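Enquirer: target00.txt is the file, holding compact mmCIF, N, CA and C atoms:
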# COMPACT_ATOMS: atom_id res chain seq x y z
N MET U 1 33.20 16.43 -53.18
CA MET U 1 32.72 17.75 -53.46
C MET U 1 31.23 17.71 -53.80
N VAL U 2 30.84 16.79 -54.65
CA VAL U 2 29.46 16.71 -55.10
C VAL U 2 28.52 16.41 -53.93
N SER U 3 28.84 15.43 -53.13
CA SER U 3 27.94 15.05 -52.04
C SER U 3 27.99 16.04 -50.87
N ALA U 4 29.09 16.74 -50.68
CA ALA U 4 29.22 17.67 -49.57
C ALA U 4 28.66 19.06 -49.86
N ALA U 5 28.41 19.37 -51.12
CA ALA U 5 27.96 20.72 -51.49
C ALA U 5 26.56 20.99 -50.97
N LYS U 6 26.34 22.20 -50.42
CA LYS U 6 25.02 22.60 -49.96
C LYS U 6 24.07 22.77 -51.14
N LYS U 7 24.55 23.38 -52.20
CA LYS U 7 23.74 23.60 -53.40
C LYS U 7 24.04 22.48 -54.38
N LYS U 8 23.03 21.80 -54.82
CA LYS U 8 23.19 20.66 -55.72
C LYS U 8 23.34 21.16 -57.16
N ARG U 9 24.57 21.53 -57.53
CA ARG U 9 24.85 22.07 -58.85
C ARG U 9 25.55 21.10 -59.79
N HIS U 10 26.00 19.97 -59.25
CA HIS U 10 26.76 19.01 -60.05
C HIS U 10 26.31 17.59 -59.72
N GLU U 11 26.63 16.67 -60.61
CA GLU U 11 26.37 15.25 -60.37
C GLU U 11 27.53 14.45 -60.93
N ILE U 12 27.68 13.25 -60.43
CA ILE U 12 28.67 12.34 -60.99
C ILE U 12 27.97 11.59 -62.11
N HIS U 13 28.54 11.67 -63.29
CA HIS U 13 27.96 11.05 -64.49
C HIS U 13 29.05 10.15 -65.08
N GLY U 14 28.93 8.86 -64.81
CA GLY U 14 30.00 7.95 -65.22
C GLY U 14 31.24 8.24 -64.39
N SER U 15 32.32 8.55 -65.06
CA SER U 15 33.56 8.87 -64.36
C SER U 15 33.83 10.37 -64.33
N GLN U 16 32.82 11.17 -64.68
CA GLN U 16 33.00 12.62 -64.74
C GLN U 16 32.00 13.34 -63.85
N ILE U 17 32.32 14.59 -63.55
CA ILE U 17 31.40 15.47 -62.83
C ILE U 17 30.82 16.42 -63.86
N ARG U 18 29.48 16.59 -63.81
CA ARG U 18 28.86 17.51 -64.77
C ARG U 18 27.91 18.46 -64.06
N SER U 19 27.66 19.59 -64.70
CA SER U 19 26.75 20.60 -64.19
C SER U 19 25.30 20.13 -64.33
N LEU U 20 24.49 20.43 -63.33
CA LEU U 20 23.07 20.10 -63.40
C LEU U 20 22.23 21.24 -63.95
N HIS U 21 22.76 22.43 -63.93
CA HIS U 21 21.97 23.60 -64.30
C HIS U 21 22.22 24.09 -65.71
N GLY U 22 23.16 23.53 -66.43
CA GLY U 22 23.36 23.85 -67.83
C GLY U 22 23.48 25.32 -68.14
N HIS U 23 24.47 25.97 -67.61
CA HIS U 23 24.64 27.40 -67.87
C HIS U 23 24.87 27.67 -69.35
N SER U 24 26.02 27.34 -69.86
CA SER U 24 26.31 27.66 -71.26
C SER U 24 26.76 26.45 -72.07
N LEU U 25 27.08 25.36 -71.42
CA LEU U 25 27.44 24.16 -72.15
C LEU U 25 26.17 23.47 -72.63
N GLY U 26 26.27 22.68 -73.66
CA GLY U 26 25.10 22.02 -74.23
C GLY U 26 24.63 20.83 -73.41
N ILE U 27 24.17 21.09 -72.20
CA ILE U 27 23.71 20.03 -71.31
C ILE U 27 22.20 20.15 -71.17
N GLU U 28 21.50 19.09 -71.51
CA GLU U 28 20.06 19.07 -71.33
C GLU U 28 19.74 18.47 -69.97
N HIS U 29 18.66 18.94 -69.39
CA HIS U 29 18.25 18.43 -68.08
C HIS U 29 17.84 16.97 -68.24
N ASN U 30 18.32 16.12 -67.36
CA ASN U 30 18.06 14.69 -67.50
C ASN U 30 16.95 14.17 -66.59
N SER U 31 16.24 15.07 -65.93
CA SER U 31 15.13 14.68 -65.07
C SER U 31 13.82 15.07 -65.73
N PRO U 32 12.74 14.40 -65.37
CA PRO U 32 11.44 14.78 -65.93
C PRO U 32 10.99 16.13 -65.38
N PRO U 33 10.09 16.81 -66.08
CA PRO U 33 9.58 18.09 -65.57
C PRO U 33 8.90 17.89 -64.21
N GLU U 34 8.95 18.93 -63.39
CA GLU U 34 8.35 18.91 -62.06
C GLU U 34 7.35 20.06 -61.96
N ILE U 35 6.45 19.98 -61.01
CA ILE U 35 5.48 21.05 -60.79
C ILE U 35 5.91 21.84 -59.56
N PRO U 36 6.27 23.11 -59.73
CA PRO U 36 6.63 23.94 -58.57
C PRO U 36 5.41 24.13 -57.67
N LEU U 37 5.64 24.22 -56.38
CA LEU U 37 4.55 24.36 -55.43
C LEU U 37 4.36 25.79 -54.94
N ALA U 38 5.17 26.72 -55.46
CA ALA U 38 5.08 28.12 -55.01
C ALA U 38 5.61 29.03 -56.10
N ASN U 39 5.49 30.33 -55.85
CA ASN U 39 6.06 31.30 -56.77
C ASN U 39 7.58 31.18 -56.77
N LEU U 40 8.17 31.53 -57.89
CA LEU U 40 9.63 31.54 -58.02
C LEU U 40 10.07 32.97 -58.33
N PHE U 41 11.36 33.24 -58.18
CA PHE U 41 11.86 34.60 -58.31
C PHE U 41 13.06 34.66 -59.26
N HIS U 42 13.18 35.82 -59.89
CA HIS U 42 14.29 36.09 -60.79
C HIS U 42 14.58 37.58 -60.69
N ALA U 43 15.83 37.94 -60.55
CA ALA U 43 16.21 39.35 -60.52
C ALA U 43 17.17 39.59 -61.67
N THR U 44 17.05 40.76 -62.28
CA THR U 44 17.88 41.10 -63.43
C THR U 44 18.04 42.61 -63.50
N ALA U 45 18.76 43.08 -64.50
CA ALA U 45 18.96 44.51 -64.67
C ALA U 45 17.64 45.20 -64.98
N LEU U 46 17.42 46.33 -64.36
CA LEU U 46 16.20 47.10 -64.59
C LEU U 46 16.03 47.46 -66.06
N LYS U 47 17.12 47.66 -66.77
CA LYS U 47 17.04 48.03 -68.18
C LYS U 47 16.38 46.95 -69.05
N TYR U 48 16.28 45.73 -68.56
CA TYR U 48 15.66 44.63 -69.31
C TYR U 48 14.17 44.47 -69.04
N TRP U 49 13.65 45.17 -68.03
CA TRP U 49 12.28 44.95 -67.58
C TRP U 49 11.25 45.21 -68.68
N ASP U 50 11.40 46.28 -69.46
CA ASP U 50 10.42 46.56 -70.52
C ASP U 50 10.37 45.43 -71.54
N ARG U 51 11.53 44.91 -71.90
CA ARG U 51 11.56 43.79 -72.85
C ARG U 51 10.95 42.52 -72.26
N ILE U 52 11.23 42.27 -70.98
CA ILE U 52 10.68 41.09 -70.32
C ILE U 52 9.16 41.18 -70.26
N LYS U 53 8.61 42.37 -70.04
CA LYS U 53 7.14 42.54 -70.01
C LYS U 53 6.53 42.16 -71.35
N GLN U 54 7.28 42.33 -72.43
CA GLN U 54 6.78 42.01 -73.76
C GLN U 54 7.04 40.56 -74.16
N GLU U 55 8.26 40.07 -73.87
CA GLU U 55 8.70 38.77 -74.38
C GLU U 55 8.74 37.66 -73.33
N GLY U 56 8.73 38.03 -72.07
CA GLY U 56 8.92 37.06 -71.01
C GLY U 56 10.40 36.88 -70.70
N LEU U 57 10.70 35.91 -69.88
CA LEU U 57 12.09 35.59 -69.52
C LEU U 57 12.62 34.57 -70.51
N ASN U 58 13.70 34.93 -71.17
CA ASN U 58 14.35 34.05 -72.14
C ASN U 58 15.66 33.55 -71.58
N LYS U 59 16.09 32.41 -72.05
CA LYS U 59 17.32 31.79 -71.54
C LYS U 59 18.58 32.51 -71.99
N MET U 60 18.46 33.37 -72.99
CA MET U 60 19.57 34.15 -73.53
C MET U 60 20.72 33.21 -73.92
N GLY U 61 21.92 33.41 -73.40
CA GLY U 61 23.06 32.59 -73.78
C GLY U 61 23.18 31.30 -73.00
N ARG U 62 22.26 31.07 -72.11
CA ARG U 62 22.28 29.86 -71.30
C ARG U 62 21.34 28.81 -71.89
N ASN U 63 21.29 27.66 -71.27
CA ASN U 63 20.36 26.62 -71.71
C ASN U 63 19.00 26.74 -71.05
N TYR U 64 18.94 27.44 -69.91
CA TYR U 64 17.71 27.58 -69.15
C TYR U 64 17.65 28.95 -68.48
N VAL U 65 16.43 29.38 -68.21
CA VAL U 65 16.20 30.51 -67.30
C VAL U 65 16.36 29.94 -65.90
N HIS U 66 17.11 30.62 -65.06
CA HIS U 66 17.32 30.18 -63.69
C HIS U 66 16.38 30.95 -62.76
N LEU U 67 15.63 30.22 -61.96
CA LEU U 67 14.67 30.82 -61.04
C LEU U 67 14.98 30.33 -59.63
N SER U 68 14.70 31.18 -58.66
CA SER U 68 15.01 30.85 -57.27
C SER U 68 13.74 30.73 -56.45
N THR U 69 13.80 29.92 -55.42
CA THR U 69 12.68 29.82 -54.49
C THR U 69 12.72 30.96 -53.47
N GLN U 70 13.87 31.63 -53.37
CA GLN U 70 14.06 32.69 -52.37
C GLN U 70 14.31 34.04 -53.04
N LYS U 71 13.58 35.06 -52.61
CA LYS U 71 13.77 36.42 -53.14
C LYS U 71 15.22 36.87 -52.96
N GLN U 72 15.74 36.69 -51.76
CA GLN U 72 17.08 37.21 -51.45
C GLN U 72 18.16 36.56 -52.30
N PHE U 73 18.03 35.28 -52.56
CA PHE U 73 19.02 34.61 -53.41
C PHE U 73 19.01 35.21 -54.81
N ALA U 74 17.81 35.43 -55.37
CA ALA U 74 17.71 36.05 -56.70
C ALA U 74 18.34 37.43 -56.69
N LEU U 75 18.07 38.21 -55.66
CA LEU U 75 18.66 39.55 -55.54
C LEU U 75 20.18 39.48 -55.42
N ASP U 76 20.69 38.58 -54.61
CA ASP U 76 22.13 38.45 -54.42
C ASP U 76 22.84 38.16 -55.74
N VAL U 77 22.27 37.29 -56.55
CA VAL U 77 22.88 36.95 -57.85
C VAL U 77 22.90 38.18 -58.76
N ALA U 78 21.78 38.88 -58.85
CA ALA U 78 21.69 40.04 -59.75
C ALA U 78 22.56 41.20 -59.27
N GLU U 79 22.65 41.40 -57.97
CA GLU U 79 23.44 42.51 -57.43
C GLU U 79 24.93 42.36 -57.72
N LYS U 80 25.38 41.16 -57.99
CA LYS U 80 26.78 40.94 -58.35
C LYS U 80 27.07 41.42 -59.77
N LYS U 81 26.02 41.52 -60.60
CA LYS U 81 26.21 41.87 -62.01
C LYS U 81 25.71 43.25 -62.40
N TYR U 82 24.70 43.76 -61.71
CA TYR U 82 24.03 44.99 -62.13
C TYR U 82 23.89 45.99 -61.00
N LYS U 83 23.86 47.29 -61.37
CA LYS U 83 23.65 48.34 -60.37
C LYS U 83 22.17 48.52 -60.06
N SER U 84 21.36 48.68 -61.08
CA SER U 84 19.92 48.85 -60.91
C SER U 84 19.23 47.55 -61.30
N ILE U 85 18.52 46.97 -60.34
CA ILE U 85 17.91 45.67 -60.60
C ILE U 85 16.40 45.71 -60.37
N VAL U 86 15.74 44.74 -60.93
CA VAL U 86 14.32 44.53 -60.73
C VAL U 86 14.13 43.10 -60.24
N LEU U 87 13.29 42.95 -59.22
CA LEU U 87 12.98 41.62 -58.70
C LEU U 87 11.65 41.20 -59.29
N LEU U 88 11.64 40.04 -59.91
CA LEU U 88 10.46 39.53 -60.59
C LEU U 88 9.94 38.29 -59.88
N GLN U 89 8.63 38.18 -59.86
CA GLN U 89 7.98 37.00 -59.31
C GLN U 89 7.33 36.24 -60.46
N VAL U 90 7.51 34.94 -60.47
CA VAL U 90 6.94 34.08 -61.50
C VAL U 90 5.85 33.22 -60.86
N ASP U 91 4.66 33.30 -61.41
CA ASP U 91 3.56 32.44 -60.95
C ASP U 91 3.78 31.07 -61.57
N ALA U 92 4.70 30.34 -60.98
CA ALA U 92 5.14 29.05 -61.53
C ALA U 92 4.07 27.99 -61.44
N VAL U 93 3.21 28.06 -60.44
CA VAL U 93 2.14 27.07 -60.30
C VAL U 93 1.19 27.20 -61.49
N LYS U 94 0.76 28.41 -61.78
CA LYS U 94 -0.15 28.64 -62.91
C LYS U 94 0.54 28.33 -64.24
N ALA U 95 1.79 28.79 -64.37
CA ALA U 95 2.53 28.54 -65.61
C ALA U 95 2.66 27.04 -65.86
N SER U 96 2.98 26.29 -64.82
CA SER U 96 3.11 24.84 -64.96
C SER U 96 1.78 24.21 -65.35
N ALA U 97 0.70 24.66 -64.72
CA ALA U 97 -0.63 24.12 -65.01
C ALA U 97 -1.03 24.40 -66.46
N GLU U 98 -0.45 25.47 -67.03
CA GLU U 98 -0.80 25.85 -68.40
C GLU U 98 0.26 25.44 -69.42
N GLY U 99 1.14 24.50 -69.02
CA GLY U 99 2.03 23.87 -69.98
C GLY U 99 3.49 24.29 -69.99
N VAL U 100 3.89 25.24 -69.14
CA VAL U 100 5.30 25.62 -69.07
C VAL U 100 6.03 24.54 -68.26
N LEU U 101 7.13 24.04 -68.79
CA LEU U 101 7.86 22.96 -68.14
C LEU U 101 8.96 23.50 -67.23
N PHE U 102 9.00 23.01 -66.01
CA PHE U 102 10.01 23.40 -65.02
C PHE U 102 10.78 22.15 -64.59
N TYR U 103 12.06 22.36 -64.28
CA TYR U 103 12.94 21.28 -63.86
C TYR U 103 13.68 21.71 -62.60
N SER U 104 14.00 20.75 -61.76
CA SER U 104 14.81 21.06 -60.59
C SER U 104 15.51 19.82 -60.07
N ASN U 105 16.75 20.01 -59.67
CA ASN U 105 17.49 18.98 -58.96
C ASN U 105 17.58 19.32 -57.48
N ASP U 106 17.14 20.53 -57.15
CA ASP U 106 17.17 21.00 -55.77
C ASP U 106 15.95 21.90 -55.57
N LYS U 107 14.80 21.30 -55.34
CA LYS U 107 13.53 22.03 -55.27
C LYS U 107 13.50 23.11 -54.21
N ALA U 108 14.41 23.06 -53.26
CA ALA U 108 14.45 24.07 -52.20
C ALA U 108 15.17 25.34 -52.63
N SER U 109 15.84 25.31 -53.80
CA SER U 109 16.58 26.51 -54.17
C SER U 109 16.45 26.93 -55.63
N ILE U 110 16.80 26.08 -56.58
CA ILE U 110 16.87 26.49 -57.98
C ILE U 110 15.92 25.68 -58.85
N TRP U 111 15.22 26.40 -59.73
CA TRP U 111 14.36 25.79 -60.74
C TRP U 111 14.80 26.30 -62.10
N LEU U 112 14.62 25.49 -63.12
CA LEU U 112 15.02 25.83 -64.48
C LEU U 112 13.82 25.77 -65.41
N CYS U 113 13.89 26.57 -66.46
CA CYS U 113 12.80 26.63 -67.43
C CYS U 113 13.39 27.16 -68.74
N LYS U 114 12.89 26.70 -69.87
CA LYS U 114 13.38 27.20 -71.16
C LYS U 114 12.91 28.62 -71.44
N HIS U 115 11.68 28.96 -71.04
CA HIS U 115 11.11 30.29 -71.29
C HIS U 115 9.94 30.49 -70.34
N VAL U 116 9.83 31.70 -69.79
CA VAL U 116 8.68 32.05 -68.97
C VAL U 116 7.91 33.14 -69.71
N PRO U 117 6.72 32.84 -70.21
CA PRO U 117 5.91 33.85 -70.91
C PRO U 117 5.57 35.03 -69.99
N PRO U 118 5.38 36.20 -70.56
CA PRO U 118 5.19 37.41 -69.75
C PRO U 118 3.96 37.41 -68.85
N GLN U 119 2.92 36.68 -69.21
CA GLN U 119 1.70 36.70 -68.40
C GLN U 119 1.88 36.07 -67.02
N TYR U 120 2.99 35.38 -66.80
CA TYR U 120 3.25 34.76 -65.50
C TYR U 120 4.24 35.55 -64.65
N ILE U 121 4.65 36.71 -65.14
CA ILE U 121 5.71 37.49 -64.49
C ILE U 121 5.16 38.81 -63.96
N SER U 122 5.52 39.14 -62.72
CA SER U 122 5.17 40.44 -62.16
C SER U 122 6.37 41.00 -61.40
N GLU U 123 6.40 42.32 -61.33
CA GLU U 123 7.47 43.01 -60.61
C GLU U 123 7.12 43.06 -59.13
N ILE U 124 8.12 42.86 -58.31
CA ILE U 124 7.92 42.97 -56.86
C ILE U 124 8.46 44.33 -56.43
N ILE U 125 7.61 45.13 -55.83
CA ILE U 125 8.00 46.44 -55.30
C ILE U 125 8.10 46.32 -53.79
N GLU U 126 9.28 46.57 -53.27
CA GLU U 126 9.45 46.49 -51.81
C GLU U 126 10.02 47.78 -51.28
Take the structure I supplied and represent it as structure tokens, if you would.

Expert:
Amino acid sequence: MVSAAKKKRHEIHGSQIRSLHGHSLGIEHNSPPEIPLANLFHATALKYWDRIKQEGLNKMGRNYVHLSTQKQFALDVAEKKYKSIVLLQVDAVKASAEGVLFYSNDKASIWLCKHVPPQYISEIIE
């Protein structure tokens, strides 16, 4: 299952399979921080946008903020949970250069971060 999966969400750790993205279990990322090479995306409920503009993206009940390399993937995730959504773009290159740490086990799809400050976030209007 782990080796055949398109999305690298799990790893074999000893004799067990564990999550790489640390949703709600106390799993810390075991790879060093990486530097994203492009903007990343996050979609969420529109009702949270005013707070995000003030506080940035917080991990909330998870261990990390989940960011996508693809706009559509971010939208697909949010559309499963919310009726009115906002698509956000994260200037991950600048954020990383200014000290925000990003992690990824699958650089082509998902990136993780503890917090994205508001100055690196903009709304995408399409």

Enquirer: For U:Leu40, which residue out of U:Leu75, U:Leu87, U:Ala92, U:Leu57 is the nearest one, using only C-alpha atoms?

Expert: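 Looking only at the distances to U:Leu40, the closest residue turns out to be U:Ala92.
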
Enquirer: Have a look at atom CA of U:His42 and atom N of U:Leu101 and let me know their distance in Å, one decimal.

Expert: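 Distance reported for this atom pair: 16.1 Å.
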
Enquirer: Which residue is closest to U:Ile124? Choose from U:Pro36, U:Glu55, U:Leu88, U:Thr69 and count all atoms listed in the file.

Expert: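 Ranking U:Pro36, U:Glu55, U:Leu88, U:Thr69 by distance to U:Ile124, first place goes to U:Leu88.
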
Enquirer: Under the rule that all atoms listed in the file are counted, which of U:Glu98, U:Asp106, U:Glu123, U:Asp91 is the nearest residue to U:Ala38?

Expert: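 Checking each of U:Glu98, U:Asp106, U:Glu123, U:Asp91 against U:Ala38, counting all atoms listed in the file, the winner is U:Asp91.
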
Enquirer: Taking into account only N, CA and C atoms, which residue in the set U:Ile85, U:Val77, U:Val116, U:Val65 is nearest to U:Val100?

Expert: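 Checking each of U:Ile85, U:Val77, U:Val116, U:Val65 against U:Val100, counting only N, CA and C atoms, the winner is U:Val116.
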
Enquirer: I'd like the interatomic distance between atom C of U:Tyr48 and atom CA of U:Pro33, to a tenth of an Å.

Expert: 27.0 Å

Enquirer: Point out the residue among U:Ser68, U:Gln89, U:Gln54, U:Asn63 with the least atom-to-atom distance to U:Ile121, counting only C-alpha atoms.

Expert: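 The closest residue to U:Ile121 is U:Gln89.
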
Enquirer: What gap, in Å, lies between atom C of U:Glu34 and atom CA of U:Gln72?

Expert: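 Result for atom C of U:Glu34 versus atom CA of U:Gln72: 22.3 Å, one decimal.
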